[in-house]
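Raw entry_17.cif, mmCIF, C-alpha atoms:
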```cif
data_work
loop_
_atom_site.label_atom_id
_atom_site.label_comp_id
_atom_site.auth_asym_id
_atom_site.auth_seq_id
_atom_site.Cartn_x
_atom_site.Cartn_y
_atom_site.Cartn_z
CA MET A 22 23.36 15.43 44.97
CA LEU A 23 21.37 12.36 44.09
CA GLY A 24 18.42 13.83 42.20
CA TYR A 25 15.96 12.62 39.59
CA GLN A 26 16.29 13.38 35.89
CA HIS A 27 13.03 12.08 34.47
CA ILE A 28 9.83 11.86 36.49
CA LEU A 29 6.77 10.03 35.15
CA LEU A 30 3.43 11.00 36.65
CA ALA A 31 0.82 8.27 36.30
CA THR A 32 -2.63 9.82 36.42
CA ASP A 33 -6.01 8.12 36.69
CA PHE A 34 -8.07 11.34 36.60
CA SER A 35 -9.54 10.51 40.02
CA ALA A 36 -10.91 13.22 42.29
CA HIS A 37 -7.60 13.65 44.12
CA ASP A 38 -5.40 13.55 41.06
CA GLN A 39 -4.49 17.21 41.36
CA TYR A 40 -2.84 16.48 44.68
CA VAL A 41 -0.64 13.76 43.19
CA ALA A 42 0.16 16.07 40.29
CA GLN A 43 1.31 18.79 42.68
CA ARG A 44 3.67 16.38 44.40
CA ALA A 45 5.15 15.40 41.03
CA LYS A 46 5.40 19.02 39.89
CA ALA A 47 7.16 20.02 43.12
CA LEU A 48 9.75 17.27 42.65
CA GLN A 49 10.21 18.22 39.01
CA ALA A 50 10.87 21.79 40.09
CA VAL A 51 13.34 21.09 42.91
CA TYR A 52 15.32 18.60 40.83
CA GLN A 53 14.96 20.51 37.54
CA ALA A 54 13.86 17.22 36.03
CA LYS A 55 11.92 16.37 32.93
CA LEU A 56 8.25 15.57 33.64
CA SER A 57 6.19 13.13 31.59
CA LEU A 58 2.56 12.16 31.98
CA VAL A 59 0.77 8.89 31.39
CA HIS A 60 -2.82 7.75 31.66
CA VAL A 61 -3.58 4.09 31.14
CA ALA A 62 -7.13 3.27 30.14
CA ASP A 63 -8.06 -0.19 31.37
CA ASN A 64 -9.21 -2.60 28.72
CA LEU A 65 -12.94 -2.10 28.32
CA PRO A 66 -15.06 -4.86 29.84
CA ILE A 67 -16.66 -7.31 27.47
CA SER A 68 -20.37 -6.64 27.22
CA THR A 69 -22.85 -9.41 28.01
CA GLY A 70 -24.09 -8.86 24.46
CA MET A 71 -20.72 -9.98 23.09
CA LEU A 72 -20.81 -13.05 25.28
CA ASP A 73 -24.11 -13.94 23.61
CA GLY A 74 -22.46 -13.66 20.23
CA GLN A 75 -23.88 -10.22 19.58
CA VAL A 76 -21.55 -7.34 18.92
CA MET A 77 -23.05 -4.15 20.28
CA PRO A 78 -21.88 -1.07 18.37
CA PHE A 79 -22.78 0.93 21.49
CA ASP A 80 -19.69 -0.44 23.25
CA VAL A 81 -17.37 0.57 20.44
CA ASP A 82 -18.73 4.12 20.42
CA LEU A 83 -18.45 4.28 24.19
CA GLY A 84 -14.82 3.20 24.01
CA GLU A 85 -14.00 5.86 21.44
CA GLU A 86 -15.81 8.50 23.47
CA LEU A 87 -13.97 7.49 26.64
CA MET A 88 -10.64 7.69 24.83
CA ARG A 89 -11.48 11.11 23.43
CA LEU A 90 -12.39 12.35 26.93
CA ALA A 91 -9.22 10.84 28.38
CA GLN A 92 -7.17 12.58 25.68
CA GLU A 93 -8.81 15.91 26.55
CA ARG A 94 -8.18 15.52 30.27
CA LEU A 95 -4.61 14.44 29.66
CA ALA A 96 -3.98 17.50 27.47
CA LYS A 97 -5.55 19.77 30.11
CA LEU A 98 -3.41 18.34 32.90
CA GLY A 99 -0.37 18.41 30.64
CA ALA A 100 -0.92 22.10 29.95
CA GLU A 101 -1.30 22.86 33.67
CA LEU A 102 1.93 21.01 34.47
CA GLU A 103 3.76 22.41 31.43
CA VAL A 104 4.44 18.96 30.04
CA ALA A 105 5.30 18.89 26.32
CA GLU A 106 2.68 17.16 24.17
CA THR A 107 5.25 14.61 23.06
CA ASP A 108 5.70 13.65 26.72
CA GLN A 109 1.99 12.97 27.33
CA TRP A 110 1.04 9.33 26.90
CA LEU A 111 -2.39 7.76 26.59
CA VAL A 112 -2.19 3.98 26.58
CA ILE A 113 -4.72 1.14 26.68
CA GLY A 114 -3.88 -1.89 28.79
CA SER A 115 -2.96 -2.98 32.30
CA PRO A 116 -2.03 0.17 34.27
CA LYS A 117 0.84 -1.36 36.22
CA LEU A 118 2.42 -3.08 33.21
CA GLU A 119 2.04 -0.13 30.84
CA ILE A 120 3.37 2.38 33.38
CA VAL A 121 6.38 0.21 34.18
CA SER A 122 7.06 -0.51 30.53
CA LEU A 123 6.82 3.16 29.51
CA ALA A 124 9.14 4.11 32.36
CA ALA A 125 11.76 1.56 31.31
CA ALA A 126 11.57 2.59 27.64
CA ASN A 127 12.06 6.29 28.44
CA ALA A 128 14.79 6.17 31.09
CA VAL A 129 12.40 7.34 33.80
CA ASP A 130 14.07 7.27 37.21
CA LEU A 131 11.01 8.12 39.33
CA ILE A 132 7.38 7.10 38.88
CA VAL A 133 4.82 9.12 40.87
CA VAL A 134 1.50 7.39 41.43
CA GLY A 135 -1.48 7.91 43.73
CA SER A 136 -2.09 5.27 46.39
CA HIS A 137 -5.33 4.49 48.16
CA GLY A 138 -3.74 2.09 50.66
CA ARG A 139 -5.06 -1.35 51.31
CA HIS A 140 -8.78 -0.94 51.36
CA GLY A 141 -11.74 -2.36 49.53
CA LEU A 142 -11.01 -3.87 46.16
CA ALA A 143 -7.27 -3.21 46.45
CA LEU A 144 -7.17 -5.90 49.14
CA LEU A 145 -8.33 -8.46 46.63
CA LEU A 146 -6.96 -7.16 43.37
CA GLY A 147 -3.90 -5.23 44.43
CA SER A 148 -3.68 -1.54 43.65
CA THR A 149 -1.92 0.09 40.73
CA ALA A 150 0.61 1.63 43.12
CA ASN A 151 1.31 -1.81 44.53
CA GLY A 152 1.72 -3.37 41.09
CA VAL A 153 4.01 -0.57 39.94
CA LEU A 154 6.13 -0.96 43.06
CA HIS A 155 6.49 -4.67 42.42
CA HIS A 156 7.50 -4.39 38.80
CA ALA A 157 9.25 -1.04 38.34
CA GLU A 158 12.97 -0.95 37.71
CA CYS A 159 13.17 2.60 39.07
CA ASP A 160 12.09 4.44 42.21
CA VAL A 161 8.40 4.82 42.95
CA LEU A 162 6.75 7.58 44.96
CA ALA A 163 3.32 6.49 46.18
CA VAL A 164 1.34 9.60 47.07
CA ARG A 165 -1.19 8.73 49.76
CA LEU A 166 -4.74 9.75 48.99
CA LYS A 167 -6.87 10.43 52.03
CA ASP A 168 -10.29 9.73 50.58
CA ASN A 169 -10.65 6.14 51.72
CA MET B 5 5.02 24.42 46.72
CA LEU B 6 3.89 21.07 48.02
CA GLY B 7 6.98 19.87 49.89
CA TYR B 8 7.68 17.47 52.72
CA GLN B 9 8.26 18.56 56.31
CA HIS B 10 9.32 15.35 58.02
CA ILE B 11 11.04 12.50 56.19
CA LEU B 12 11.58 9.12 57.85
CA LEU B 13 14.34 6.95 56.43
CA ALA B 14 13.83 3.27 57.19
CA THR B 15 17.17 1.52 57.08
CA ASP B 16 17.93 -2.19 57.16
CA PHE B 17 21.74 -1.83 57.03
CA SER B 18 21.85 -3.83 53.81
CA ALA B 19 24.68 -3.47 51.32
CA HIS B 20 22.87 -0.79 49.31
CA ASP B 21 21.58 1.17 52.23
CA GLN B 22 23.87 4.11 51.53
CA TYR B 23 22.11 4.61 48.22
CA VAL B 24 18.69 4.81 49.85
CA ALA B 25 20.15 7.14 52.48
CA GLN B 26 21.45 9.47 49.77
CA ARG B 27 18.01 9.68 48.19
CA ALA B 28 16.48 10.57 51.55
CA LYS B 29 19.21 13.09 52.31
CA ALA B 30 18.75 14.77 48.92
CA LEU B 31 15.02 15.15 49.53
CA GLN B 32 15.64 16.45 53.03
CA ALA B 33 17.99 19.06 51.56
CA VAL B 34 15.78 20.28 48.72
CA TYR B 35 12.70 20.51 50.93
CA GLN B 36 14.57 21.74 54.02
CA ALA B 37 12.74 19.00 55.89
CA LYS B 38 13.44 17.27 59.16
CA LEU B 39 15.05 13.84 58.72
CA SER B 40 14.53 10.94 61.11
CA LEU B 41 16.01 7.47 61.00
CA VAL B 42 14.59 4.10 62.00
CA HIS B 43 15.91 0.58 62.02
CA VAL B 44 13.54 -2.23 62.95
CA ALA B 45 15.17 -5.40 64.21
CA ASP B 46 12.99 -8.37 63.40
CA ASN B 47 11.99 -10.49 66.34
CA LEU B 48 14.74 -13.04 66.82
CA PRO B 49 13.85 -16.56 65.73
CA ILE B 50 13.13 -19.08 68.45
CA SER B 51 16.02 -21.48 68.78
CA THR B 52 15.44 -25.20 68.43
CA GLY B 53 16.87 -25.45 71.93
CA MET B 54 13.96 -23.44 73.29
CA LEU B 55 11.50 -25.61 71.44
CA ASP B 56 13.01 -28.56 73.27
CA GLY B 57 12.40 -26.83 76.54
CA GLN B 58 16.00 -25.73 76.89
CA VAL B 59 16.80 -22.08 77.18
CA MET B 60 20.12 -21.36 75.56
CA PRO B 61 21.88 -18.38 77.10
CA PHE B 62 23.79 -18.11 73.82
CA ASP B 63 20.65 -16.79 72.11
CA VAL B 64 20.08 -14.10 74.68
CA ASP B 65 23.65 -12.90 74.35
CA LEU B 66 23.37 -12.99 70.59
CA GLY B 67 20.24 -10.85 70.73
CA GLU B 68 21.91 -8.29 72.94
CA GLU B 69 25.00 -8.29 70.76
CA LEU B 70 22.90 -7.78 67.60
CA MET B 71 21.07 -4.88 69.21
CA ARG B 72 24.34 -3.31 70.29
CA LEU B 73 25.70 -3.61 66.75
CA ALA B 74 22.48 -2.20 65.31
CA GLN B 75 22.69 0.74 67.70
CA GLU B 76 26.25 1.41 66.59
CA ARG B 77 25.40 1.30 62.90
CA LEU B 78 22.35 3.50 63.44
CA ALA B 79 24.47 6.07 65.28
CA LYS B 80 27.08 5.98 62.49
CA LEU B 81 24.50 6.48 59.75
CA GLY B 82 22.78 9.15 61.84
CA ALA B 83 26.04 11.05 62.18
CA GLU B 84 26.69 10.84 58.43
CA LEU B 85 23.21 12.16 57.67
CA GLU B 86 23.32 14.75 60.44
CA VAL B 87 20.26 13.30 62.15
CA ALA B 88 19.86 14.31 65.80
CA GLU B 89 20.24 11.42 68.26
CA THR B 90 16.70 11.97 69.48
CA ASP B 91 15.48 11.36 65.93
CA GLN B 92 17.23 7.98 65.57
CA TRP B 93 15.00 5.06 66.41
CA LEU B 94 15.90 1.43 67.05
CA VAL B 95 12.83 -0.73 67.42
CA ILE B 96 12.18 -4.47 67.73
CA GLY B 97 9.18 -5.90 65.91
CA SER B 98 7.58 -6.19 62.49
CA PRO B 99 9.37 -3.74 60.14
CA LYS B 100 6.29 -2.62 58.22
CA LEU B 101 4.12 -2.13 61.31
CA GLU B 102 6.78 -0.40 63.39
CA ILE B 103 7.78 1.94 60.56
CA VAL B 104 4.17 2.90 59.82
CA SER B 105 3.37 3.34 63.50
CA LEU B 106 6.43 5.50 64.15
CA ALA B 107 5.60 7.63 61.10
CA ALA B 108 2.04 8.21 62.27
CA ALA B 109 3.13 9.08 65.83
CA ASN B 110 5.69 11.64 64.63
CA ALA B 111 3.78 13.44 61.88
CA VAL B 112 6.04 12.01 59.19
CA ASP B 113 4.78 12.92 55.72
CA LEU B 114 7.24 10.84 53.69
CA ILE B 115 8.71 7.42 54.41
CA VAL B 116 11.78 6.47 52.36
CA VAL B 117 12.47 2.75 52.14
CA GLY B 118 14.60 0.51 49.95
CA SER B 119 12.79 -1.86 47.60
CA HIS B 120 14.11 -5.07 46.09
CA GLY B 121 11.14 -5.54 43.78
CA ARG B 122 9.24 -8.78 43.55
CA HIS B 123 11.89 -11.43 43.61
CA GLY B 124 12.74 -14.42 45.71
CA LEU B 125 11.30 -14.43 49.18
CA ALA B 126 9.43 -11.15 48.66
CA LEU B 127 7.17 -13.00 46.25
CA LEU B 128 6.02 -15.23 49.05
CA LEU B 129 6.33 -13.04 52.10
CA GLY B 130 5.84 -9.56 50.72
CA SER B 131 8.62 -7.01 51.11
CA THR B 132 8.92 -4.35 53.74
CA ALA B 133 8.43 -1.65 51.09
CA ASN B 134 5.24 -3.36 50.01
CA GLY B 135 3.93 -3.66 53.56
CA VAL B 136 4.76 -0.04 54.32
CA LEU B 137 2.99 1.07 51.14
CA HIS B 138 -0.12 -0.86 52.14
CA HIS B 139 -0.34 0.47 55.65
CA ALA B 140 1.20 3.94 55.69
CA GLU B 141 -0.99 6.97 56.12
CA CYS B 142 1.59 9.16 54.40
CA ASP B 143 3.55 9.15 51.14
CA VAL B 144 6.10 6.40 50.54
CA LEU B 145 9.20 6.61 48.36
CA ALA B 146 10.41 3.15 47.42
CA VAL B 147 14.03 3.41 46.32
CA ARG B 148 14.79 0.64 43.87
CA LEU B 149 17.82 -1.46 44.69
CA LYS B 150 19.52 -3.02 41.72
CA ASP B 151 21.16 -5.98 43.39
CA ASN B 152 18.50 -8.57 42.71
#
```

Represent the structure of the file as structure tokens.
Amino acid sequence: MLGYQHILLATDFSAHDQYVAQRAKALQAVYQAKLSLVHVADNLPISTGMLDGQVMPFDVDLGEELMRLAQERLAKLGAELEVAETDQWLVIGSPKLEIVSLAAANAVDLIVVGSHGRHGLALLLGSTANGVLHHAECDVLAVRLKDN
Amino acid sequence: MLGYQHILLATDFSAHDQYVAQRAKALQAVYQAKLSLVHVADNLPISTGMLDGQVMPFDVDLGEELMRLAQERLAKLGAELEVAETDQWLVIGSPKLEIVSLAAANAVDLIVVGSHGRHGLALLLGSTANGVLHHAECDVLAVRLKDN
């Protein structure tokens, strides 16, 4: 049977993330696959202070704090899903590119990602699910979130 | 466990369609789900003859012949996948809109569709997988085709 061997769950820690995680966990279970976990932290926006030539230490601290929180949430979700620590990834960059790149480098054959559909900002900017679908070299399961 | 109850396989009868079908069939099996099948025939292009005010009977026959062939291929694939005849759909229209509409009307919770990635014409026109992802109210599995 044509199953999946390595599933990568891309999490953004949004309110409905648990639902996406359950979909990924169910697939991992039925296919007896390996499950990995990735969270991509977007590049932090440049502060107006920096544009004025002033470096604000506040922004640096905020970035470190956000990364520490992200690491905590990733570890928590990883524990819930029984994902080994070595298979939990926290990356800074463009979500779609980092997810696709990590998948290719680790022989992932299915990426699971939440999808908000084509609403609001996604209409203009394109969603992460959309970007992953465009660029991934493997299958992509877009789990529909009902919140918007 | 968070499984799927009704999976809709969207087929375009392309060379790699069997691969997408196997993915859908595997999911149907592991989740003990219902499997339905849809092929959407794009609206036939207007012939230059018609633009000149001439109706060419050839085009009408061609359309009917294409639909007959599509019906045959759908029935063949349906038989291979053990999909009931009443769950095989042949529709004329816009693939993304017809697939999404059929899914919504039949309580489909997972659409399986082949994806060619962002190459060639898809860059300009958007692919069916992309359109389905944008508009679907349920989960979408985009099965990556390796041919281009």

Could you work out an axis-aligned box for region 101-119 of chain B, taking every atom the file lists and adding 6 Å on each side, and report centre and edge lengths in Å to one decimal, as JSON?
```
{"center_x": 8.3, "center_y": 5.7, "center_z": 56.7, "size_x": 24.6, "size_y": 27.6, "size_z": 30.2}
```

Review point. Once you count only C-alpha atoms, which residues of chain A turn out to be within 8 Å of chain B? Could you give them as a PyMOL selection string?
Key: chain A and resi 22-24+43-44+47+51+138-139+151+154-165+167

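Picture a line from CA of Phe34 (chain A) to CA of Gln53 (chain A); it runs 24.8 Å.
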
Review point. How would you write, as an MDAnalysis selection string, the residues chosen by the PyMOL selection byres ((chain B and resi 94) around 9) on this structure?
Key: chainID B and resid 41:45 71 74:75 78 92:93 95:96

Just C-alpha atoms for this one: save the residues we selected as a PDB file, in the coordinates of the input.
```pdb
ATOM      1  CA  LEU B  41      16.010   7.470  61.000  1.00  0.00           C
ATOM      2  CA  VAL B  42      14.590   4.100  62.000  1.00  0.00           C
ATOM      3  CA  HIS B  43      15.910   0.580  62.020  1.00  0.00           C
ATOM      4  CA  VAL B  44      13.540  -2.230  62.950  1.00  0.00           C
ATOM      5  CA  ALA B  45      15.170  -5.400  64.210  1.00  0.00           C
ATOM      6  CA  MET B  71      21.070  -4.880  69.210  1.00  0.00           C
ATOM      7  CA  ALA B  74      22.480  -2.200  65.310  1.00  0.00           C
ATOM      8  CA  GLN B  75      22.690   0.740  67.700  1.00  0.00           C
ATOM      9  CA  LEU B  78      22.350   3.500  63.440  1.00  0.00           C
ATOM     10  CA  GLN B  92      17.230   7.980  65.570  1.00  0.00           C
ATOM     11  CA  TRP B  93      15.000   5.060  66.410  1.00  0.00           C
ATOM     12  CA  VAL B  95      12.830  -0.730  67.420  1.00  0.00           C
ATOM     13  CA  ILE B  96      12.180  -4.470  67.730  1.00  0.00           C
TER      14      ILE B  96
END
```

Check your understanding: In Å, how far is it from CA of Ala31 (chain A) to CA of Asp16 (chain B)?
Key ->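 So the two atoms, CA of Ala31 (chain A) and CA of Asp16 (chain B), lie 28.9 Å apart.
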
Point to revise | One-decimal distance in Å that lies between CA of Leu83 (chain A) and CA of Ala124 (chain A) | key: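 Interatomic distance here is 28.8 Å.
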
Exercise for review: Starting from the shown file, work through the PyMOL selection byres ((chain B and resi 38) around 7) and note down what comes out as number ranges by chain.
Suggested key: B: 9-11, 32, 36-37, 39-40
